[in-house]
Amino acid sequence: MEIAHGEVAAIMGPSGTGKTTLLRLISGQLRPDQGRILINGKDVHRQSKSGLMGLRKSMGMLFQSGALFTDMTVLENVMFPLDVHTDLSRSMIRAIALLKLEAVGLRGAADFRPDQLSGGMARRVALARAVALDPSLMLYDEPFVGQDPISMGALLRLIEALNEALGITSVIVSHDLHETFMVADRVHILSQGVCIAGAASEQIQNSDDARVRQFIGGHPDGPVPFHMPADPLTQALADA
(Lines give C-alpha, C1' and ligand atoms only; values in the text may rest on other atoms or scores of the structure.)
Protein backbone atom coordinates (compact mmCIF):
# COMPACT_ATOMS: atom_id res chain seq x y z
CA MET A 1 0.00 0.00 0.00
CA GLU A 2 1.32 3.41 -0.97
CA ILE A 3 -0.14 6.73 0.15
CA ALA A 4 0.96 9.80 -1.76
CA HIS A 5 1.94 13.05 -0.07
CA GLY A 6 -0.99 15.44 0.18
CA GLU A 7 -3.78 12.97 -0.55
CA VAL A 8 -6.70 11.82 1.57
CA ALA A 9 -6.47 8.05 1.72
CA ALA A 10 -9.23 5.90 3.19
CA ILE A 11 -8.75 2.48 4.76
CA MET A 12 -11.99 0.51 4.69
CA GLY A 13 -13.18 -3.05 5.12
CA PRO A 14 -15.11 -5.36 7.46
CA SER A 15 -14.52 -5.23 11.22
CA GLY A 16 -11.52 -7.16 12.49
CA THR A 17 -9.45 -6.90 9.31
CA GLY A 18 -6.67 -4.79 10.83
CA LYS A 19 -7.60 -1.20 9.97
CA THR A 20 -6.96 0.31 13.41
CA THR A 21 -3.95 -1.98 13.81
CA LEU A 22 -2.53 -0.45 10.62
CA LEU A 23 -2.82 3.05 12.10
CA ARG A 24 -1.04 1.88 15.24
CA LEU A 25 1.73 0.41 13.12
CA ILE A 26 2.13 3.65 11.17
CA SER A 27 2.44 5.65 14.41
CA GLY A 28 4.85 3.16 15.96
CA GLN A 29 2.51 2.03 18.73
CA LEU A 30 2.87 -1.55 17.50
CA ARG A 31 5.72 -3.35 15.78
CA PRO A 32 5.07 -5.38 12.62
CA ASP A 33 5.76 -9.12 12.52
CA GLN A 34 7.08 -8.64 9.00
CA GLY A 35 7.34 -5.97 6.33
CA ARG A 36 8.21 -2.28 6.67
CA ILE A 37 6.42 1.02 7.12
CA LEU A 38 8.16 4.00 5.55
CA ILE A 39 7.29 7.66 6.14
CA ASN A 40 9.20 9.99 3.82
CA GLY A 41 11.69 7.17 3.28
CA LYS A 42 12.26 6.56 7.01
CA ASP A 43 11.54 3.10 8.39
CA VAL A 44 9.32 3.81 11.40
CA HIS A 45 10.39 0.75 13.35
CA ARG A 46 14.12 1.20 12.81
CA GLN A 47 14.16 4.61 14.43
CA SER A 48 15.80 5.32 17.77
CA LYS A 49 13.48 6.45 20.56
CA SER A 50 14.29 10.10 19.81
CA GLY A 51 13.89 9.48 16.07
CA LEU A 52 10.46 7.92 16.61
CA MET A 53 9.41 10.83 18.81
CA GLY A 54 10.55 13.20 16.07
CA LEU A 55 8.37 11.36 13.54
CA ARG A 56 5.42 11.39 15.91
CA LYS A 57 5.67 15.16 16.31
CA SER A 58 4.80 15.41 12.62
CA MET A 59 1.73 13.18 13.08
CA GLY A 60 -1.72 13.88 14.44
CA MET A 61 -3.82 10.96 15.68
CA LEU A 62 -7.55 11.00 16.22
CA PHE A 63 -8.18 7.94 18.38
CA GLN A 64 -11.40 5.99 18.02
CA SER A 65 -12.19 6.56 21.71
CA GLY A 66 -11.18 10.24 21.66
CA ALA A 67 -8.72 9.55 24.50
CA LEU A 68 -9.21 12.91 26.19
CA PHE A 69 -7.59 13.54 29.56
CA THR A 70 -10.50 13.39 32.00
CA ASP A 71 -8.90 15.65 34.62
CA MET A 72 -8.34 18.50 32.15
CA THR A 73 -10.77 20.95 30.62
CA VAL A 74 -11.45 20.94 26.89
CA LEU A 75 -9.09 23.88 26.41
CA GLU A 76 -6.35 22.25 28.50
CA ASN A 77 -6.64 19.07 26.43
CA VAL A 78 -6.03 20.99 23.21
CA MET A 79 -3.21 23.00 24.78
CA PHE A 80 -1.44 19.87 26.04
CA PRO A 81 0.59 18.93 22.92
CA LEU A 82 1.62 22.56 22.50
CA ASP A 83 2.75 22.70 26.15
CA VAL A 84 4.82 19.53 25.74
CA HIS A 85 6.35 20.04 22.29
CA THR A 86 6.82 23.81 21.88
CA ASP A 87 8.48 26.72 23.66
CA LEU A 88 5.66 29.12 22.88
CA SER A 89 4.36 31.47 25.53
CA ARG A 90 1.32 30.43 27.53
CA SER A 91 -0.77 33.16 25.95
CA MET A 92 0.21 32.04 22.43
CA ILE A 93 -0.54 28.40 23.26
CA ARG A 94 -3.96 29.38 24.58
CA ALA A 95 -4.68 31.45 21.46
CA ILE A 96 -3.75 28.57 19.13
CA ALA A 97 -5.88 26.13 21.14
CA LEU A 98 -8.87 28.48 20.93
CA LEU A 99 -8.42 28.72 17.15
CA LYS A 100 -8.41 24.92 16.87
CA LEU A 101 -11.57 24.68 18.98
CA GLU A 102 -13.19 27.35 16.82
CA ALA A 103 -12.42 25.22 13.74
CA VAL A 104 -14.38 22.27 15.19
CA GLY A 105 -17.18 24.50 16.50
CA LEU A 106 -16.50 23.99 20.20
CA ARG A 107 -14.78 27.15 21.44
CA GLY A 108 -17.87 27.67 23.62
CA ALA A 109 -17.07 24.42 25.44
CA ALA A 110 -13.50 25.42 26.30
CA ASP A 111 -14.11 25.25 30.06
CA PHE A 112 -16.09 21.99 30.00
CA ARG A 113 -14.73 18.70 31.30
CA PRO A 114 -14.80 15.65 29.00
CA ASP A 115 -17.60 14.05 31.05
CA GLN A 116 -19.79 17.05 30.18
CA LEU A 117 -19.50 16.35 26.45
CA SER A 118 -21.48 14.06 24.19
CA GLY A 119 -19.55 11.34 22.38
CA GLY A 120 -19.58 13.32 19.14
CA MET A 121 -18.41 16.50 20.86
CA ALA A 122 -15.57 14.64 22.59
CA ARG A 123 -14.39 13.34 19.22
CA ARG A 124 -14.36 16.87 17.81
CA VAL A 125 -12.29 18.09 20.76
CA ALA A 126 -9.91 15.19 20.15
CA LEU A 127 -9.61 16.33 16.53
CA ALA A 128 -8.79 19.88 17.65
CA ARG A 129 -6.04 18.45 19.87
CA ALA A 130 -4.75 16.20 17.07
CA VAL A 131 -4.22 19.17 14.72
CA ALA A 132 -2.82 21.50 17.40
CA LEU A 133 0.77 21.08 16.14
CA ASP A 134 -0.22 21.42 12.44
CA PRO A 135 0.98 17.87 11.59
CA SER A 136 2.08 16.86 8.11
CA LEU A 137 0.36 13.46 8.52
CA MET A 138 -3.09 13.01 10.08
CA LEU A 139 -4.42 9.62 11.13
CA TYR A 140 -8.18 9.43 11.72
CA ASP A 141 -9.74 6.38 13.39
CA GLU A 142 -13.51 6.46 12.72
CA PRO A 143 -13.82 10.27 12.72
CA PHE A 144 -17.50 10.33 11.71
CA VAL A 145 -18.94 8.08 14.43
CA GLY A 146 -21.51 9.81 16.63
CA GLN A 147 -21.68 13.00 14.55
CA ASP A 148 -24.97 14.62 13.62
CA PRO A 149 -25.38 15.67 9.94
CA ILE A 150 -24.30 19.27 10.62
CA SER A 151 -21.17 18.22 12.52
CA MET A 152 -20.45 15.58 9.88
CA GLY A 153 -20.50 18.18 7.13
CA ALA A 154 -18.24 20.48 9.14
CA LEU A 155 -15.74 17.69 9.74
CA LEU A 156 -15.66 16.77 6.06
CA ARG A 157 -14.96 20.38 5.13
CA LEU A 158 -12.29 20.63 7.84
CA ILE A 159 -10.46 17.51 6.61
CA GLU A 160 -10.53 18.83 3.05
CA ALA A 161 -9.41 22.30 4.15
CA LEU A 162 -6.49 20.93 6.16
CA ASN A 163 -5.24 18.96 3.17
CA GLU A 164 -5.66 21.80 0.71
CA ALA A 165 -4.36 24.65 2.89
CA LEU A 166 -1.51 22.86 4.65
CA GLY A 167 -0.69 20.15 2.11
CA ILE A 168 -0.91 17.45 4.75
CA THR A 169 -1.55 13.77 4.13
CA SER A 170 -4.61 12.19 5.73
CA VAL A 171 -5.31 8.53 6.40
CA ILE A 172 -8.91 7.80 7.40
CA VAL A 173 -10.20 4.53 8.81
CA SER A 174 -13.98 4.54 8.51
CA HIS A 175 -17.08 2.42 7.93
CA ASP A 176 -19.09 5.42 6.73
CA LEU A 177 -19.17 4.77 2.99
CA HIS A 178 -20.93 7.89 1.73
CA GLU A 179 -18.90 10.39 3.73
CA THR A 180 -15.61 8.62 3.10
CA PHE A 181 -16.14 8.41 -0.65
CA MET A 182 -16.93 12.14 -0.65
CA VAL A 183 -13.61 13.14 0.92
CA ALA A 184 -11.13 10.41 -0.08
CA ASP A 185 -8.84 10.71 -3.11
CA ARG A 186 -8.01 7.02 -2.90
CA VAL A 187 -9.63 4.09 -1.08
CA HIS A 188 -7.91 0.92 0.12
CA ILE A 189 -10.08 -2.07 1.05
CA LEU A 190 -8.80 -4.57 3.60
CA SER A 191 -10.22 -8.07 3.95
CA GLN A 192 -8.95 -10.74 6.33
CA GLY A 193 -5.71 -8.84 6.90
CA VAL A 194 -4.94 -8.31 3.20
CA CYS A 195 -5.32 -5.22 1.02
CA ILE A 196 -7.60 -6.49 -1.76
CA ALA A 197 -8.11 -3.20 -3.61
CA GLY A 198 -6.65 0.28 -3.82
CA ALA A 199 -7.90 2.85 -6.30
CA ALA A 200 -9.64 6.19 -6.73
CA SER A 201 -13.01 6.42 -4.98
CA GLU A 202 -14.94 6.22 -8.26
CA GLN A 203 -13.11 3.07 -9.33
CA ILE A 204 -13.72 1.37 -6.00
CA GLN A 205 -17.44 2.15 -6.19
CA ASN A 206 -17.57 0.57 -9.68
CA SER A 207 -15.30 -2.39 -8.84
CA ASP A 208 -16.10 -5.83 -10.24
CA ASP A 209 -14.32 -7.57 -7.34
CA ALA A 210 -16.94 -9.65 -5.50
CA ARG A 211 -15.32 -8.94 -2.12
CA VAL A 212 -15.41 -5.20 -2.70
CA ARG A 213 -18.99 -5.35 -3.98
CA GLN A 214 -20.04 -7.33 -0.90
CA PHE A 215 -18.56 -4.74 1.45
CA ILE A 216 -19.97 -1.71 -0.38
CA GLY A 217 -23.39 -3.34 -0.71
CA GLY A 218 -23.45 -4.53 2.91
CA HIS A 219 -24.31 -8.10 1.91
CA PRO A 220 -23.88 -10.76 4.65
CA ASP A 221 -23.51 -13.54 2.06
CA GLY A 222 -20.48 -13.52 -0.19
CA PRO A 223 -16.78 -14.35 -0.37
CA VAL A 224 -16.07 -12.55 2.93
CA PRO A 225 -17.57 -14.70 5.72
CA PHE A 226 -19.94 -13.01 8.18
CA HIS A 227 -19.63 -15.75 10.82
CA MET A 228 -16.40 -16.39 12.70
CA PRO A 229 -15.11 -19.98 12.27
CA ALA A 230 -16.76 -22.32 14.77
CA ASP A 231 -17.84 -25.91 15.24
CA PRO A 232 -21.18 -26.82 13.62
CA LEU A 233 -24.13 -25.33 15.51
CA THR A 234 -25.75 -28.76 15.93
CA GLN A 235 -22.62 -30.04 17.67
CA ALA A 236 -22.42 -27.01 19.95
CA LEU A 237 -26.09 -27.41 20.91
CA ALA A 238 -25.61 -31.12 21.56
CA ASP A 239 -22.58 -30.46 23.78
CA ALA A 240 -24.60 -27.93 25.76
# chains A, B, ... in the order shown; residues from 1 in each chain; ligands from 1
call {"tool": "residues_around", "arguments": {"residues": "range 186-195 of chain A", "least_positions_apart": "5", "cutoff": "6 Å", "atoms": "only C-alpha atoms", "output": "list of chain:residue names"}}
result
A:Ala9, A:Ala10, A:Ile11, A:Met12, A:Gly13, A:Thr17, A:Gly18, A:Ala200, A:Ser201
call {"tool": "residues_around", "arguments": {"residues": "Gln147 in chain A", "least_positions_apart": "6", "cutoff": "10 Å", "atoms": "only C-alpha atoms", "output": "list in words"}}
result
Ser118, Gly119, Gly120, Met121, Arg123, Arg124, Gly153, Ala154 and Leu155 of chain A
call {"tool": "write_last_selection", "arguments": {"atoms": "all heavy atoms", "output": "PDB file, in the first residue's frame"}}
result
ATOM      1  N   SER A 118     -20.943  15.234  24.869  1.00  0.00           N
ATOM      2  CA  SER A 118     -21.483  14.057  24.194  1.00  0.00           C
ATOM      3  C   SER A 118     -20.333  13.318  23.504  1.00  0.00           C
ATOM      4  O   SER A 118     -19.225  13.867  23.358  1.00  0.00           O
ATOM      5  CB  SER A 118     -22.529  14.468  23.157  1.00  0.00           C
ATOM      6  OG  SER A 118     -21.902  15.158  22.067  1.00  0.00           O
ATOM      7  N   GLY A 119     -20.596  12.102  23.060  1.00  0.00           N
ATOM      8  CA  GLY A 119     -19.553  11.339  22.376  1.00  0.00           C
ATOM      9  C   GLY A 119     -19.050  12.041  21.125  1.00  0.00           C
ATOM     10  O   GLY A 119     -17.852  12.090  20.864  1.00  0.00           O
ATOM     11  N   GLY A 120     -19.981  12.620  20.357  1.00  0.00           N
ATOM     12  CA  GLY A 120     -19.585  13.317  19.142  1.00  0.00           C
ATOM     13  C   GLY A 120     -18.777  14.568  19.426  1.00  0.00           C
ATOM     14  O   GLY A 120     -17.800  14.876  18.727  1.00  0.00           O
ATOM     15  N   MET A 121     -19.154  15.296  20.484  1.00  0.00           N
ATOM     16  CA  MET A 121     -18.406  16.496  20.861  1.00  0.00           C
ATOM     17  C   MET A 121     -16.998  16.128  21.323  1.00  0.00           C
ATOM     18  O   MET A 121     -16.022  16.815  20.981  1.00  0.00           O
ATOM     19  CB  MET A 121     -19.153  17.258  21.959  1.00  0.00           C
ATOM     20  CG  MET A 121     -20.455  17.889  21.513  1.00  0.00           C
ATOM     21  SD  MET A 121     -21.437  18.528  22.898  1.00  0.00           S
ATOM     22  CE  MET A 121     -20.441  19.927  23.408  1.00  0.00           C
ATOM     23  N   ARG A 123     -15.208  13.692  20.383  1.00  0.00           N
ATOM     24  CA  ARG A 123     -14.388  13.335  19.222  1.00  0.00           C
ATOM     25  C   ARG A 123     -13.923  14.590  18.488  1.00  0.00           C
ATOM     26  O   ARG A 123     -12.806  14.649  17.978  1.00  0.00           O
ATOM     27  CB  ARG A 123     -15.193  12.432  18.290  1.00  0.00           C
ATOM     28  CG  ARG A 123     -14.365  11.688  17.255  1.00  0.00           C
ATOM     29  CD  ARG A 123     -15.258  10.719  16.522  1.00  0.00           C
ATOM     30  NE  ARG A 123     -15.769   9.710  17.430  1.00  0.00           N
ATOM     31  CZ  ARG A 123     -15.211   8.511  17.585  1.00  0.00           C
ATOM     32  NH1 ARG A 123     -14.127   8.208  16.903  1.00  0.00           N
ATOM     33  NH2 ARG A 123     -15.727   7.625  18.411  1.00  0.00           N
ATOM     34  N   ARG A 124     -14.757  15.622  18.462  1.00  0.00           N
ATOM     35  CA  ARG A 124     -14.363  16.873  17.810  1.00  0.00           C
ATOM     36  C   ARG A 124     -13.276  17.594  18.611  1.00  0.00           C
ATOM     37  O   ARG A 124     -12.361  18.182  18.041  1.00  0.00           O
ATOM     38  CB  ARG A 124     -15.582  17.764  17.622  1.00  0.00           C
ATOM     39  CG  ARG A 124     -16.501  17.269  16.495  1.00  0.00           C
ATOM     40  CD  ARG A 124     -17.936  17.730  16.688  1.00  0.00           C
ATOM     41  NE  ARG A 124     -18.069  19.184  16.648  1.00  0.00           N
ATOM     42  CZ  ARG A 124     -19.167  19.825  17.038  1.00  0.00           C
ATOM     43  NH1 ARG A 124     -20.203  19.134  17.514  1.00  0.00           N
ATOM     44  NH2 ARG A 124     -19.231  21.138  16.954  1.00  0.00           N
ATOM     45  N   GLY A 153     -20.865  17.312   8.243  1.00  0.00           N
ATOM     46  CA  GLY A 153     -20.501  18.179   7.125  1.00  0.00           C
ATOM     47  C   GLY A 153     -19.340  19.095   7.471  1.00  0.00           C
ATOM     48  O   GLY A 153     -18.441  19.316   6.653  1.00  0.00           O
ATOM     49  N   ALA A 154     -19.328  19.602   8.708  1.00  0.00           N
ATOM     50  CA  ALA A 154     -18.239  20.479   9.138  1.00  0.00           C
ATOM     51  C   ALA A 154     -16.920  19.727   9.191  1.00  0.00           C
ATOM     52  O   ALA A 154     -15.872  20.259   8.802  1.00  0.00           O
ATOM     53  CB  ALA A 154     -18.568  21.082  10.501  1.00  0.00           C
ATOM     54  N   LEU A 155     -16.959  18.488   9.676  1.00  0.00           N
ATOM     55  CA  LEU A 155     -15.736  17.689   9.742  1.00  0.00           C
ATOM     56  C   LEU A 155     -15.198  17.375   8.352  1.00  0.00           C
ATOM     57  O   LEU A 155     -13.980  17.420   8.113  1.00  0.00           O
ATOM     58  CB  LEU A 155     -15.996  16.382  10.500  1.00  0.00           C
ATOM     59  CG  LEU A 155     -16.076  16.474  12.028  1.00  0.00           C
ATOM     60  CD1 LEU A 155     -16.376  15.105  12.616  1.00  0.00           C
ATOM     61  CD2 LEU A 155     -14.786  17.022  12.613  1.00  0.00           C
TER      62      LEU A 155
END
call {"tool": "select_by_dssp", "arguments": {"residues": "range 12-207 of chain A", "states": "alpha helix (DSSP H)", "output": "PyMOL selection string"}}
result
chain A and resi 19-26+49-57+74-85+90-103+119-130+149-166+177-183+201-205
call {"tool": "closest_atom_pairs", "arguments": {"of": "range 81-188 of chain A", "to": "range 25-35 of chain A", "cutoff": "12 Å", "atoms": "only C-alpha atoms", "output": "tab-separated table"}}
result
residue	atom	partner	partner_atom	distance
A:Leu137	CA	A:Ser27	CA	10.0
A:Met138	CA	A:Ser27	CA	10.2
A:Leu139	CA	A:Ser27	CA	8.6
A:Tyr140	CA	A:Ser27	CA	11.6
A:Val171	CA	A:Ile26	CA	10.1
call {"tool": "write_last_selection", "arguments": {"atoms": "N, CA and C atoms", "output": "short mmCIF file (atom, residue, chain, number, x, y, z; two decimals), in the first residue's frame"}}
result
data_model
loop_
_atom_site.label_atom_id
_atom_site.label_comp_id
_atom_site.auth_asym_id
_atom_site.auth_seq_id
_atom_site.Cartn_x
_atom_site.Cartn_y
_atom_site.Cartn_z
N LEU A 137 1.08 14.73 8.74
CA LEU A 137 0.36 13.46 8.52
C LEU A 137 -0.72 13.34 9.58
N MET A 138 -1.98 13.18 9.15
CA MET A 138 -3.09 13.01 10.08
C MET A 138 -3.66 11.61 9.94
N LEU A 139 -3.84 10.95 11.08
CA LEU A 139 -4.42 9.62 11.13
C LEU A 139 -5.77 9.71 11.85
N TYR A 140 -6.83 9.34 11.16
CA TYR A 140 -8.18 9.43 11.72
C TYR A 140 -8.75 8.02 11.90
N VAL A 171 -4.94 9.94 6.50
CA VAL A 171 -5.31 8.53 6.40
C VAL A 171 -6.53 8.33 7.29
#
call {"tool": "select_by_dssp", "arguments": {"residues": "range 3-232 of chain A", "states": "strand (DSSP E)", "output": "ChimeraX atom specification"}}
result
/A:8-12,38-39,42-43,59-62,137-141,169-173,186-191,194-200
call {"tool": "write_last_selection", "arguments": {"atoms": "N, CA and C atoms", "output": "short mmCIF file (atom, residue, chain, number, x, y, z; two decimals), in the first residue's frame"}}
result
data_model
loop_
_atom_site.label_atom_id
_atom_site.label_comp_id
_atom_site.auth_asym_id
_atom_site.auth_seq_id
_atom_site.Cartn_x
_atom_site.Cartn_y
_atom_site.Cartn_z
N VAL A 8 -5.84 12.39 0.53
CA VAL A 8 -6.70 11.82 1.57
C VAL A 8 -6.93 10.37 1.19
N ALA A 9 -6.36 9.48 1.99
CA ALA A 9 -6.47 8.05 1.72
C ALA A 9 -7.38 7.40 2.75
N ALA A 10 -8.31 6.59 2.29
CA ALA A 10 -9.23 5.90 3.19
C ALA A 10 -8.85 4.43 3.29
N ILE A 11 -8.95 3.91 4.51
CA ILE A 11 -8.75 2.48 4.76
C ILE A 11 -10.10 1.94 5.20
N MET A 12 -10.66 1.02 4.41
CA MET A 12 -11.99 0.51 4.69
C MET A 12 -11.98 -1.02 4.66
N LEU A 38 7.29 2.88 5.84
CA LEU A 38 8.16 4.00 5.55
C LEU A 38 7.37 5.30 5.52
N ILE A 39 7.87 6.31 6.20
CA ILE A 39 7.29 7.66 6.14
C ILE A 39 8.39 8.59 5.64
N LYS A 42 11.73 7.01 5.72
CA LYS A 42 12.26 6.56 7.01
C LYS A 42 11.46 5.36 7.51
N ASP A 43 12.18 4.30 7.85
CA ASP A 43 11.54 3.10 8.39
C ASP A 43 11.14 3.39 9.83
N MET A 59 2.98 13.91 13.27
CA MET A 59 1.73 13.18 13.08
C MET A 59 0.67 13.70 14.03
N GLY A 60 -0.57 13.66 13.57
CA GLY A 60 -1.72 13.88 14.44
C GLY A 60 -2.55 12.62 14.42
N MET A 61 -3.06 12.20 15.58
CA MET A 61 -3.82 10.96 15.68
C MET A 61 -5.16 11.22 16.35
N LEU A 62 -6.23 10.95 15.63
CA LEU A 62 -7.55 11.00 16.22
C LEU A 62 -7.94 9.58 16.60
N LEU A 137 1.08 14.73 8.74
CA LEU A 137 0.36 13.46 8.52
C LEU A 137 -0.72 13.34 9.58
N MET A 138 -1.98 13.18 9.15
CA MET A 138 -3.09 13.01 10.08
C MET A 138 -3.66 11.61 9.94
N LEU A 139 -3.84 10.95 11.08
CA LEU A 139 -4.42 9.62 11.13
C LEU A 139 -5.77 9.71 11.85
N TYR A 140 -6.83 9.34 11.16
CA TYR A 140 -8.18 9.43 11.72
C TYR A 140 -8.75 8.02 11.90
N ASP A 141 -9.12 7.68 13.13
CA ASP A 141 -9.74 6.38 13.39
C ASP A 141 -11.22 6.60 13.65
N THR A 169 -1.05 15.06 4.59
CA THR A 169 -1.55 13.77 4.13
C THR A 169 -2.49 13.22 5.19
N SER A 170 -3.63 12.72 4.79
CA SER A 170 -4.61 12.19 5.73
C SER A 170 -4.90 10.73 5.43
N VAL A 171 -4.94 9.94 6.50
CA VAL A 171 -5.31 8.53 6.40
C VAL A 171 -6.53 8.33 7.29
N ILE A 172 -7.64 7.91 6.69
CA ILE A 172 -8.91 7.80 7.40
C ILE A 172 -9.36 6.34 7.44
N VAL A 173 -9.55 5.82 8.64
CA VAL A 173 -10.20 4.53 8.81
C VAL A 173 -11.67 4.80 9.11
N ARG A 186 -8.30 8.41 -2.60
CA ARG A 186 -8.01 7.02 -2.90
C ARG A 186 -8.52 6.15 -1.75
N VAL A 187 -9.06 4.99 -2.08
CA VAL A 187 -9.63 4.09 -1.08
C VAL A 187 -8.93 2.74 -1.16
N HIS A 188 -8.52 2.25 0.01
CA HIS A 188 -7.91 0.92 0.12
C HIS A 188 -8.87 0.03 0.91
N ILE A 189 -9.17 -1.14 0.39
CA ILE A 189 -10.08 -2.07 1.05
C ILE A 189 -9.28 -3.23 1.63
N LEU A 190 -9.43 -3.44 2.94
CA LEU A 190 -8.80 -4.57 3.60
C LEU A 190 -9.82 -5.68 3.80
N SER A 191 -9.37 -6.92 3.67
CA SER A 191 -10.22 -8.07 3.95
C SER A 191 -9.35 -9.19 4.48
N VAL A 194 -5.61 -8.53 4.48
CA VAL A 194 -4.94 -8.31 3.20
C VAL A 194 -5.59 -7.13 2.49
N CYS A 195 -4.78 -6.31 1.83
CA CYS A 195 -5.32 -5.22 1.02
C CYS A 195 -5.76 -5.80 -0.32
N ILE A 196 -7.08 -5.85 -0.55
CA ILE A 196 -7.60 -6.49 -1.76
C ILE A 196 -7.86 -5.50 -2.88
N ALA A 197 -7.86 -4.21 -2.57
CA ALA A 197 -8.11 -3.20 -3.61
C ALA A 197 -7.58 -1.85 -3.14
N GLY A 198 -7.09 -1.07 -4.09
CA GLY A 198 -6.65 0.28 -3.82
C GLY A 198 -6.76 1.10 -5.09
N ALA A 199 -7.66 2.07 -5.09
CA ALA A 199 -7.90 2.85 -6.30
C ALA A 199 -8.64 4.12 -5.94
N ALA A 200 -8.86 4.98 -6.94
CA ALA A 200 -9.64 6.19 -6.73
C ALA A 200 -11.05 5.81 -6.28
#
